>>> print(open('final-v2.cif').read())   # mmCIF, C-alpha atoms
data_final
loop_
_atom_site.label_atom_id
_atom_site.label_comp_id
_atom_site.auth_asym_id
_atom_site.auth_seq_id
_atom_site.Cartn_x
_atom_site.Cartn_y
_atom_site.Cartn_z
CA MET V 1 64.67 93.88 154.78
CA LEU V 2 63.21 95.97 151.98
CA LYS V 3 65.79 97.62 149.72
CA LEU V 4 65.00 100.53 147.43
CA HIS V 5 67.15 101.60 144.49
CA HIS V 6 66.74 105.32 144.21
CA ALA V 7 67.96 108.38 142.31
CA PRO V 8 67.21 111.99 143.19
CA ASN V 9 64.43 113.90 141.36
CA SER V 10 62.91 110.67 140.05
CA ARG V 11 59.68 108.77 140.65
CA ALA V 12 61.63 106.82 143.29
CA GLY V 13 60.82 109.68 145.70
CA ARG V 14 57.22 108.45 145.76
CA ILE V 15 58.39 105.17 147.26
CA VAL V 16 60.75 106.66 149.85
CA TRP V 17 57.86 108.88 150.97
CA LEU V 18 55.48 105.88 151.22
CA LEU V 19 58.04 103.75 153.09
CA GLU V 20 58.48 106.62 155.56
CA GLU V 21 54.69 107.06 155.99
CA LEU V 22 54.31 103.32 156.65
CA GLN V 23 57.28 103.46 159.05
CA LEU V 24 58.78 100.42 157.36
CA PRO V 25 62.48 99.70 157.86
CA PHE V 26 64.33 99.79 154.55
CA GLU V 27 67.76 100.11 153.03
CA LEU V 28 68.31 102.84 150.45
CA ASN V 29 70.69 102.53 147.52
CA ARG V 30 71.22 106.13 146.44
CA MET V 31 72.41 106.32 142.85
CA ASP V 32 73.29 109.34 140.74
CA PHE V 33 70.66 110.34 138.21
CA SER V 34 73.21 109.70 135.46
CA PRO V 35 73.55 107.22 132.58
CA LYS V 36 76.77 105.94 134.17
CA ALA V 37 74.91 104.79 137.30
CA LEU V 38 71.51 103.93 135.86
CA LYS V 39 72.69 102.17 132.69
CA SER V 40 75.44 100.23 134.49
CA GLU V 41 75.47 96.46 134.07
CA GLU V 42 74.76 96.13 137.79
CA HIS V 43 71.60 98.24 137.65
CA ARG V 44 70.38 96.83 134.33
CA ALA V 45 70.29 93.43 136.01
CA ARG V 46 67.63 95.01 138.27
CA HIS V 47 65.76 96.92 135.54
CA PRO V 48 66.48 96.09 131.89
CA LEU V 49 66.10 99.74 130.85
CA GLY V 50 68.05 101.12 133.81
CA ARG V 51 65.24 103.00 135.54
CA VAL V 52 64.35 103.71 139.15
CA PRO V 53 62.64 102.95 141.46
CA VAL V 54 63.37 99.25 141.88
CA LEU V 55 62.28 97.54 145.09
CA GLU V 56 63.83 94.38 146.48
CA ASP V 57 61.87 92.36 149.00
CA GLY V 58 63.85 89.22 149.78
CA ASP V 59 64.17 87.35 146.48
CA LEU V 60 61.62 89.56 144.79
CA MET V 61 62.61 92.40 142.46
CA LEU V 62 59.93 94.84 141.37
CA TYR V 63 59.84 97.97 139.22
CA GLU V 64 57.31 100.63 138.14
CA SER V 65 56.49 103.10 140.90
CA GLY V 66 52.72 102.49 140.59
CA ALA V 67 53.27 98.75 141.01
CA ILE V 68 55.52 99.30 144.03
CA VAL V 69 52.98 101.61 145.72
CA GLU V 70 50.24 99.00 145.20
CA TYR V 71 52.55 96.19 146.36
CA LEU V 72 53.60 97.92 149.58
CA ILE V 73 50.01 98.85 150.42
CA ALA V 74 48.80 95.29 149.75
CA ARG V 75 51.62 93.35 151.42
CA HIS V 76 53.23 95.70 153.93
CA SER V 77 50.47 97.89 155.37
CA ASN V 78 47.25 97.47 157.32
CA GLY V 79 45.22 98.48 154.26
CA ASP V 80 44.41 102.02 155.42
CA LEU V 81 45.76 103.60 152.27
CA LYS V 82 43.44 101.84 149.78
CA PRO V 83 39.62 101.67 149.92
CA ALA V 84 38.06 98.20 149.98
CA VAL V 85 36.55 96.94 146.71
CA ASN V 86 33.00 97.58 147.96
CA SER V 87 33.79 101.13 149.17
CA PRO V 88 32.27 104.02 147.18
CA LEU V 89 35.80 105.45 147.10
CA PHE V 90 37.24 102.40 145.32
CA PRO V 91 36.47 103.55 141.73
CA GLN V 92 37.83 107.04 142.47
CA TYR V 93 40.98 105.48 143.87
CA LEU V 94 41.52 103.52 140.65
CA GLN V 95 40.73 106.45 138.37
CA TRP V 96 43.07 108.92 140.02
CA PHE V 97 45.82 106.35 140.55
CA HIS V 98 45.93 105.59 136.82
CA TYR V 99 45.35 109.21 135.80
CA CYS V 100 48.84 110.00 137.11
CA GLU V 101 50.91 108.06 134.57
CA GLY V 102 48.17 108.12 131.94
CA MET V 103 47.54 111.88 131.82
CA VAL V 104 49.70 114.01 134.11
CA MET V 105 53.16 112.50 133.73
CA PRO V 106 53.46 112.49 129.91
CA PRO V 107 53.48 116.31 129.63
CA ILE V 108 55.69 116.57 132.74
CA ASN V 109 58.20 114.22 131.09
CA THR V 110 58.18 116.35 127.96
CA ILE V 111 58.71 119.55 129.97
CA VAL V 112 61.65 117.99 131.84
CA VAL V 113 63.23 116.89 128.56
CA GLN V 114 62.65 120.28 126.88
CA THR V 115 63.88 122.44 129.78
CA LEU V 116 66.44 120.37 131.68
CA LEU V 117 67.71 117.35 129.76
CA LEU V 118 68.21 118.56 126.18
CA PRO V 119 71.03 120.99 125.38
CA PRO V 120 69.56 124.42 124.51
CA GLU V 121 70.20 124.12 120.76
CA ARG V 122 68.06 120.96 120.54
CA ARG V 123 65.07 122.28 122.50
CA ASN V 124 61.77 122.95 120.72
CA GLU V 125 59.60 125.82 121.94
CA GLU V 126 56.50 124.54 120.17
CA ILE V 127 56.70 121.11 121.81
CA LEU V 128 57.35 122.75 125.18
CA GLY V 129 54.37 125.08 124.80
CA GLN V 130 52.04 122.23 123.86
CA ALA V 131 53.18 120.19 126.87
CA LYS V 132 52.64 123.12 129.24
CA ARG V 133 49.12 123.73 127.93
CA LEU V 134 48.28 120.02 128.19
CA LEU V 135 49.68 119.82 131.74
CA THR V 136 47.49 122.74 132.81
CA LYS V 137 44.43 120.95 131.41
CA THR V 138 45.29 117.69 133.19
CA LEU V 139 45.70 119.56 136.51
CA GLU V 140 42.27 121.25 136.33
CA PRO V 141 40.22 118.17 137.36
CA LEU V 142 42.61 117.65 140.29
CA ASN V 143 42.16 121.24 141.45
CA GLU V 144 38.37 120.78 141.32
CA THR V 145 38.49 117.46 143.15
CA LEU V 146 40.57 119.00 145.94
CA SER V 147 37.99 121.69 146.68
CA GLY V 148 37.08 121.16 150.33
CA ARG V 149 39.37 118.13 150.68
CA ASP V 150 42.80 117.72 152.20
CA TYR V 151 43.81 114.80 149.97
CA MET V 152 42.56 113.37 146.70
CA LEU V 153 40.10 110.96 148.34
CA GLY V 154 39.60 113.02 151.50
CA ALA V 155 42.07 111.13 153.71
CA LEU V 156 45.63 110.30 152.59
CA SER V 157 45.65 107.30 150.21
CA GLY V 158 47.86 105.56 147.66
CA VAL V 159 46.64 108.08 145.07
CA ASP V 160 48.51 110.90 146.80
CA PHE V 161 51.87 109.14 146.51
CA MET V 162 51.37 109.15 142.75
CA LEU V 163 49.53 112.39 142.01
CA GLY V 164 50.90 114.34 144.95
CA HIS V 165 54.41 113.75 143.68
CA ALA V 166 53.36 114.69 140.13
CA CYS V 167 51.75 117.93 141.39
CA TYR V 168 54.83 118.74 143.44
CA MET V 169 56.94 118.29 140.27
CA SER V 170 54.54 120.48 138.27
CA ARG V 171 54.93 123.30 140.78
CA ARG V 172 58.71 122.95 140.87
CA LEU V 173 58.74 123.21 137.08
CA GLY V 174 56.79 126.48 137.34
CA CYS V 175 53.77 124.85 135.71
CA MET V 176 51.04 125.19 138.33
CA PRO V 177 48.84 128.26 137.78
CA GLU V 178 48.44 130.45 140.88
CA GLU V 179 44.66 130.42 140.42
CA MET V 180 44.57 126.66 141.10
CA THR V 181 44.31 127.46 144.77
CA HIS V 182 43.13 124.03 145.95
CA LEU V 183 46.01 122.35 144.19
CA GLN V 184 48.50 124.90 145.50
CA ALA V 185 47.24 124.29 149.04
CA TYR V 186 47.43 120.52 148.50
CA VAL V 187 51.09 120.59 147.49
CA SER V 188 51.88 122.93 150.40
CA ARG V 189 50.07 120.51 152.72
CA LEU V 190 52.09 117.56 151.42
CA GLU V 191 55.30 119.52 151.85
CA THR V 192 54.70 119.79 155.58
CA ARG V 193 54.38 116.04 156.12
CA PRO V 194 57.56 114.75 157.78
CA ALA V 195 57.58 111.60 155.62
CA PHE V 196 57.27 113.68 152.44
CA ILE V 197 60.16 115.87 153.54
CA LYS V 198 62.32 112.83 154.28
CA GLY V 199 61.32 111.03 151.10
CA ILE V 200 61.22 113.78 148.52
CA LYS V 201 62.63 117.07 149.73
CA ALA V 202 65.62 115.74 151.69
CA MET Y 1 23.53 98.06 132.45
CA LEU Y 2 27.17 98.96 131.82
CA LYS Y 3 27.70 101.59 129.15
CA LEU Y 4 31.03 102.20 127.44
CA HIS Y 5 31.94 105.34 125.54
CA HIS Y 6 34.26 104.26 122.79
CA ALA Y 7 36.15 105.51 119.75
CA PRO Y 8 37.96 103.34 117.19
CA ASN Y 9 41.75 102.85 117.41
CA SER Y 10 41.83 104.10 121.00
CA ARG Y 11 42.56 102.52 124.38
CA ALA Y 12 38.78 101.96 124.62
CA GLY Y 13 39.34 98.76 122.61
CA ARG Y 14 40.95 97.26 125.72
CA ILE Y 15 37.66 97.58 127.55
CA VAL Y 16 35.41 96.25 124.79
CA TRP Y 17 37.72 93.23 124.61
CA LEU Y 18 37.53 92.70 128.40
CA LEU Y 19 33.74 93.12 128.48
CA GLU Y 20 33.49 90.50 125.73
CA GLU Y 21 35.85 88.10 127.56
CA LEU Y 22 33.80 88.48 130.74
CA GLN Y 23 30.60 88.01 128.73
CA LEU Y 24 29.08 91.03 130.44
CA PRO Y 25 26.09 92.72 128.82
CA PHE Y 26 26.90 96.32 127.90
CA GLU Y 27 25.79 99.20 125.75
CA LEU Y 28 28.35 100.75 123.42
CA ASN Y 29 28.40 104.44 122.48
CA ARG Y 30 30.54 104.51 119.35
CA MET Y 31 31.99 107.97 118.76
CA ASP Y 32 34.21 109.20 115.96
CA PHE Y 33 37.85 109.62 116.88
CA SER Y 34 37.54 113.33 116.09
CA PRO Y 35 37.74 116.56 118.11
CA LYS Y 36 34.12 117.30 117.16
CA ALA Y 37 32.88 114.16 118.94
CA LEU Y 38 35.43 113.84 121.74
CA LYS Y 39 35.63 117.53 122.68
CA SER Y 40 31.86 118.05 122.53
CA GLU Y 41 30.16 119.51 125.58
CA GLU Y 42 28.27 116.25 126.01
CA HIS Y 43 31.42 114.13 126.16
CA ARG Y 44 33.41 116.61 128.24
CA ALA Y 45 30.75 116.20 130.90
CA ARG Y 46 31.92 112.57 131.04
CA HIS Y 47 35.66 113.23 130.77
CA PRO Y 48 36.91 116.81 131.29
CA LEU Y 49 39.63 116.37 128.64
CA GLY Y 50 37.39 114.57 126.17
CA ARG Y 51 39.09 111.19 126.18
CA VAL Y 52 37.91 107.60 125.86
CA PRO Y 53 37.24 105.08 127.30
CA VAL Y 54 34.65 106.23 129.83
CA LEU Y 55 32.60 103.58 131.62
CA GLU Y 56 29.19 104.19 133.16
CA ASP Y 57 27.92 101.74 135.75
CA GLY Y 58 24.62 103.04 137.09
CA ASP Y 59 25.39 106.42 138.64
CA LEU Y 60 29.11 105.86 138.47
CA MET Y 61 31.30 107.40 135.76
CA LEU Y 62 34.88 106.19 135.44
CA TYR Y 63 37.76 106.96 133.11
CA GLU Y 64 41.35 105.75 132.52
CA SER Y 65 41.52 102.37 130.81
CA GLY Y 66 43.77 100.88 133.54
CA ALA Y 67 41.27 101.92 136.19
CA ILE Y 68 38.36 100.47 134.22
CA VAL Y 69 40.16 97.13 133.72
CA GLU Y 70 40.87 96.92 137.47
CA TYR Y 71 37.30 97.99 138.31
CA LEU Y 72 35.63 95.41 136.04
CA ILE Y 73 37.87 92.63 137.34
CA ALA Y 74 37.22 93.62 140.97
CA ARG Y 75 33.48 94.29 140.76
CA HIS Y 76 32.19 92.38 137.74
CA SER Y 77 34.20 89.15 137.48
CA ASN Y 78 34.88 86.07 139.56
CA GLY Y 79 38.46 87.21 140.16
CA ASP Y 80 40.10 84.80 137.70
CA LEU Y 81 41.90 87.57 135.85
CA LYS Y 82 43.93 88.92 138.81
CA PRO Y 83 46.17 86.90 141.17
CA ALA Y 84 45.34 87.07 144.89
CA VAL Y 85 47.56 89.32 147.03
CA ASN Y 86 49.40 86.31 148.50
CA SER Y 87 50.01 84.69 145.09
CA PRO Y 88 53.60 84.67 143.78
CA LEU Y 89 52.15 86.11 140.56
CA PHE Y 90 50.73 89.20 142.32
CA PRO Y 91 53.89 91.36 142.11
CA GLN Y 92 54.39 90.44 138.44
CA TYR Y 93 50.78 91.37 137.75
CA LEU Y 94 51.32 94.81 139.25
CA GLN Y 95 54.64 95.39 137.52
CA TRP Y 96 53.46 94.53 134.02
CA PHE Y 97 50.12 96.26 134.46
CA HIS Y 98 51.83 99.55 135.28
CA TYR Y 99 54.65 99.00 132.77
CA CYS Y 100 52.08 99.49 129.99
CA GLU Y 101 51.28 103.17 130.53
CA GLY Y 102 54.58 103.90 132.29
CA MET Y 103 56.96 102.57 129.63
CA VAL Y 104 55.34 101.18 126.47
CA MET Y 105 52.60 103.69 125.68
CA PRO Y 106 54.65 106.94 125.80
CA PRO Y 107 56.76 106.04 122.73
CA ILE Y 108 53.68 104.58 121.00
CA ASN Y 109 51.86 107.87 121.54
CA THR Y 110 54.79 109.78 120.05
CA ILE Y 111 54.91 107.47 117.02
CA VAL Y 112 51.16 107.92 116.43
CA VAL Y 113 51.54 111.70 116.63
CA GLN Y 114 54.60 111.76 114.35
CA THR Y 115 53.23 109.40 111.69
CA LEU Y 116 49.44 109.79 111.71
CA LEU Y 117 48.23 112.88 113.56
CA LEU Y 118 50.63 115.66 112.55
CA PRO Y 119 50.55 117.03 108.99
CA PRO Y 120 53.74 115.96 107.14
CA GLU Y 121 55.37 119.41 107.29
CA ARG Y 122 55.25 119.42 111.09
CA ARG Y 123 56.65 115.92 111.64
CA ASN Y 124 60.10 115.49 113.15
CA GLU Y 125 62.23 112.54 112.03
CA GLU Y 126 64.58 112.77 114.99
CA ILE Y 127 61.74 112.56 117.53
CA LEU Y 128 60.19 109.68 115.58
CA GLY Y 129 63.49 107.79 115.47
CA GLN Y 130 64.05 108.20 119.22
CA ALA Y 131 60.54 106.96 119.97
CA LYS Y 132 60.98 103.90 117.75
CA ARG Y 133 64.27 102.98 119.40
CA LEU Y 134 62.76 103.44 122.87
CA LEU Y 135 59.71 101.35 121.97
CA THR Y 136 61.94 98.49 120.80
CA LYS Y 137 63.78 98.61 124.14
CA THR Y 138 60.53 98.57 126.15
CA LEU Y 139 59.29 95.54 124.15
CA GLU Y 140 62.42 93.45 124.79
CA PRO Y 141 61.54 92.48 128.41
CA LEU Y 142 58.06 91.47 127.22
CA ASN Y 143 59.49 89.25 124.50
CA GLU Y 144 61.72 87.56 127.08
CA THR Y 145 58.89 87.12 129.58
CA LEU Y 146 56.73 85.47 126.92
CA SER Y 147 59.31 82.76 126.19
CA GLY Y 148 57.46 79.51 126.91
CA ARG Y 149 54.27 81.30 127.98
CA ASP Y 150 50.99 81.92 126.17
CA TYR Y 151 50.18 85.11 128.11
CA MET Y 152 52.15 87.56 130.24
CA LEU Y 153 51.52 85.69 133.51
CA GLY Y 154 51.03 82.25 131.92
CA ALA Y 155 47.23 82.30 131.83
CA LEU Y 156 45.20 85.26 130.50
CA SER Y 157 45.05 88.09 133.09
CA GLY Y 158 44.28 91.79 133.38
CA VAL Y 159 47.83 92.52 132.24
CA ASP Y 160 47.09 91.23 128.75
CA PHE Y 161 44.24 93.71 128.22
CA MET Y 162 46.76 96.49 128.78
CA LEU Y 163 50.02 95.19 127.30
CA GLY Y 164 48.42 92.93 124.70
CA HIS Y 165 46.65 95.92 123.24
CA ALA Y 166 49.86 97.98 123.34
CA CYS Y 167 51.80 95.19 121.58
CA TYR Y 168 49.07 94.86 118.97
CA MET Y 169 49.36 98.61 118.34
CA SER Y 170 53.16 98.35 118.10
CA ARG Y 171 52.89 95.70 115.43
CA ARG Y 172 50.26 97.65 113.49
CA LEU Y 173 52.61 100.65 113.54
CA GLY Y 174 55.35 98.48 112.02
CA CYS Y 175 57.38 98.74 115.22
CA MET Y 176 57.74 95.13 116.35
CA PRO Y 177 61.01 93.54 115.18
CA GLU Y 178 60.54 90.18 113.43
CA GLU Y 179 63.20 88.64 115.69
CA MET Y 180 60.94 89.16 118.74
CA THR Y 181 59.36 85.81 117.97
CA HIS Y 182 57.68 85.28 121.36
CA LEU Y 183 56.03 88.67 121.15
CA GLN Y 184 54.98 88.14 117.53
CA ALA Y 185 53.40 84.81 118.51
CA TYR Y 186 51.68 86.46 121.49
CA VAL Y 187 49.99 89.12 119.35
CA SER Y 188 48.99 86.49 116.79
CA ARG Y 189 47.54 84.40 119.62
CA LEU Y 190 45.53 87.36 120.93
CA GLU Y 191 44.25 88.06 117.44
CA THR Y 192 42.59 84.65 117.29
CA ARG Y 193 40.56 85.18 120.48
CA PRO Y 194 36.91 85.82 119.53
CA ALA Y 195 36.56 88.51 122.23
CA PHE Y 196 39.69 90.31 120.97
CA ILE Y 197 38.34 90.24 117.42
CA LYS Y 198 34.99 91.65 118.56
CA GLY Y 199 36.57 94.24 120.83
CA ILE Y 200 39.54 95.47 118.87
CA LYS Y 201 39.62 94.22 115.29
CA ALA Y 202 35.92 94.55 114.46
#
>>> encode(input="final-v2.cif", output="structure tokens")
Amino acid sequence: MLKLHHAPNSRAGRIVWLLEELQLPFELNRMDFSPKALKSEEHRARHPLGRVPVLEDGDLMLYESGAIVEYLIARHSNGDLKPAVNSPLFPQYLQWFHYCEGMVMPPINTIVVQTLLLPPERRNEEILGQAKRLLTKTLEPLNETLSGRDYMLGALSGVDFMLGHACYMSRRLGCMPEEMTHLQAYVSRLETRPAFIKGIKA
Amino acid sequence: MLKLHHAPNSRAGRIVWLLEELQLPFELNRMDFSPKALKSEEHRARHPLGRVPVLEDGDLMLYESGAIVEYLIARHSNGDLKPAVNSPLFPQYLQWFHYCEGMVMPPINTIVVQTLLLPPERRNEEILGQAKRLLTKTLEPLNETLSGRDYMLGALSGVDFMLGHACYMSRRLGCMPEEMTHLQAYVSRLETRPAFIKGIKA
């Protein structure tokens, strides 16, 4: 059976959501989002830096949420969630999949650090402001792409587990402009999916 | 013909290196690594945030270096550089591919900002120190993996175009401990490849 090591409010939510969408049976190891749990000897044997998600599949241990999404789609689904190599959607799939960690998540990480993780006396307003402006810029192409579409490629795909989660985080952090109406509607649409609710909101 | 939009000392080097390894004919648009070139109207029509690399393949325009590596391997190579889905190397390929932008590049980006891009009076020693310590931690699993191996998966693969470039950058920034002997040897090995020299060092 698949086993997922998970902590709340982390990228691990992407994987719970995907496992629920694929209706795969899995065991969930819920850990606290705390150094005590994540940096424990037990968890560092799974991930040397003590991060989540980590997926176990029999003898196999795998980390990096993007890798796990690709792995589950390739090995544990019927292939619906990723366009074939010769599909015109294939390049878009790759671009938006990698755009998540390459462009959208770095400013989100900075905003989380500067608003939630650092004690108030160590926060830096300038760094926070820069990250917010950059995040807005990285969201603009997504808002445009979603004009007239329900999901990033039209139908639900692996891209949404990455970027959808990142957009949901942006909105929760108060960093999604109201005028990005396509993106606002997209996140609201995701939030009604039962698998998203189980995986991320529950 | 393939056309690559490129700027020196950027992730675009990954793609020039790969194009050279695959011996694909391509046209190179060399731009300055400057706001004037990258944020120009002309280039923002290719990438809304004015980044490189951008690949053109006929009518298709694609950005994100990870996406371009995957695209070229899938559409323009004989498949040697990526393990098949049923290969035992497939999960490792995914993990290390995504580990590059997910774990290694964020501290590298911070170090570049704090040592090269910001004027001295705006640099922050604490942020720089944290990034250096984090980078060392993210390199440790790579050094271990490379024990007894020439490349991340044994033979050269797509992973090396991502992580090899990131490790090369780490060393150039003075952020690769001497005692990481496997990683030091790996970067030295990459630096002798003619395609790497043409793509990244030239």
>>> closest_residue(input="final-v2.cif", among="V:Ala185, V:Leu173, V:Leu38, V:Leu134", to="chain Y", atoms="only C-alpha atoms")
V:Leu134
>>> interface_residues(input="final-v2.cif", of="chain Y", to="chain V", cutoff="9 Å", atoms="only C-alpha atoms", output="PyMOL selection string")
chain Y and resi 48-49+60-68+70-71+74-75+85-86+90-99+101-103+105-106+137-138+140-141
>>> resolve_selection(input="final-v2.cif", expression="the PyMOL selection byres ((chain Y and resi 11) around 9)", output="PyMOL selection string")
chain Y and resi 6-10+12-15+52-53+64-65+162+165-166
>>> residues_around(input="final-v2.cif", residues="region 19-35 of chain Y", least_positions_apart="6", cutoff="10 Å", atoms="only C-alpha atoms", output="PyMOL selection string")
chain Y and resi 1-10+13+43+50-52+54-57+69+72-73+76-78+81+193-199
>>> closest_residue(input="final-v2.cif", among="Y:Gly174, Y:Gly58, Y:Gly154, Y:Gly79", to="Tyr186 (chain Y)", atoms="only C-alpha atoms")
Y:Gly154
>>> atom_distance(input="final-v2.cif", atom1="CA of Lys132 (chain V)", atom2="CA of Leu139 (chain Y)")
28.8 Å
>>> atom_distance(input="final-v2.cif", atom1="CA of Leu156 (chain Y)", atom2="CA of Arg189 (chain Y)")
11.2 Å
>>> atom_distance(input="final-v2.cif", atom1="CA of Pro107 (chain V)", atom2="CA of Arg133 (chain V)")
8.8 Å
>>> resolve_selection(input="final-v2.cif", expression="the PyMOL selection byres ((chain Y and resi 143) around 6)", output="ChimeraX atom specification")
/Y:140-142,144-146,180,182-183
>>> write_last_selection(input="final-v2.cif", atoms="C-alpha atoms", output="PDB file, keeping the file's coordinate frame")
ATOM      1  CA  GLU Y 140      62.420  93.450 124.790  1.00  0.00           C
ATOM      2  CA  PRO Y 141      61.540  92.480 128.410  1.00  0.00           C
ATOM      3  CA  LEU Y 142      58.060  91.470 127.220  1.00  0.00           C
ATOM      4  CA  GLU Y 144      61.720  87.560 127.080  1.00  0.00           C
ATOM      5  CA  THR Y 145      58.890  87.120 129.580  1.00  0.00           C
ATOM      6  CA  LEU Y 146      56.730  85.470 126.920  1.00  0.00           C
ATOM      7  CA  MET Y 180      60.940  89.160 118.740  1.00  0.00           C
ATOM      8  CA  HIS Y 182      57.680  85.280 121.360  1.00  0.00           C
ATOM      9  CA  LEU Y 183      56.030  88.670 121.150  1.00  0.00           C
TER      10      LEU Y 183
END
>>> closest_residue(input="final-v2.cif", among="V:Ser87, V:Ser170, V:Ser157, V:Thr181", to="Leu135 (chain V)", atoms="all atoms listed in the file")
V:Ser170
>>> decode(input="final-v2.cif", residues="region 1-37 of chain V", atoms="C-alpha atoms", output="short mmCIF file (atom, residue, chain, number, x, y, z; two decimals), in the first residue's frame")
data_model
loop_
_atom_site.label_atom_id
_atom_site.label_comp_id
_atom_site.auth_asym_id
_atom_site.auth_seq_id
_atom_site.Cartn_x
_atom_site.Cartn_y
_atom_site.Cartn_z
CA MET V 1 0.00 0.00 0.00
CA LEU V 2 1.11 3.56 -0.67
CA LYS V 3 2.11 5.52 2.42
CA LEU V 4 2.36 9.30 2.51
CA HIS V 5 4.24 11.28 5.14
CA HIS V 6 2.38 14.50 5.56
CA ALA V 7 2.27 17.72 7.59
CA PRO V 8 -0.51 20.30 7.52
CA ASN V 9 -0.14 23.49 5.42
CA SER V 10 2.71 21.98 3.41
CA ARG V 11 3.19 20.89 -0.19
CA ALA V 12 2.15 17.41 1.00
CA GLY V 13 -1.46 18.56 0.55
CA ARG V 14 -0.92 18.39 -3.21
CA ILE V 15 -0.29 14.66 -2.92
CA VAL V 16 -3.20 13.87 -0.61
CA TRP V 17 -5.45 15.71 -3.07
CA LEU V 18 -4.04 13.73 -6.03
CA LEU V 19 -4.32 10.39 -4.20
CA GLU V 20 -7.97 11.23 -3.45
CA GLU V 21 -8.67 12.23 -7.08
CA LEU V 22 -7.13 8.96 -8.30
CA GLN V 23 -9.11 7.06 -5.65
CA LEU V 24 -5.97 5.20 -4.65
CA PRO V 25 -5.87 3.49 -1.25
CA PHE V 26 -3.13 4.94 0.93
CA GLU V 27 -1.96 5.23 4.50
CA LEU V 28 -1.35 8.71 5.88
CA ASN V 29 1.31 9.52 8.45
CA ARG V 30 0.20 12.87 9.83
CA MET V 31 3.09 14.73 11.43
CA ASP V 32 3.17 18.10 13.14
CA PHE V 33 4.63 20.92 11.07
CA SER V 34 7.33 21.32 13.72
CA PRO V 35 11.12 20.84 13.85
CA LYS V 36 10.61 18.18 16.54
CA ALA V 37 8.62 15.98 14.14
#
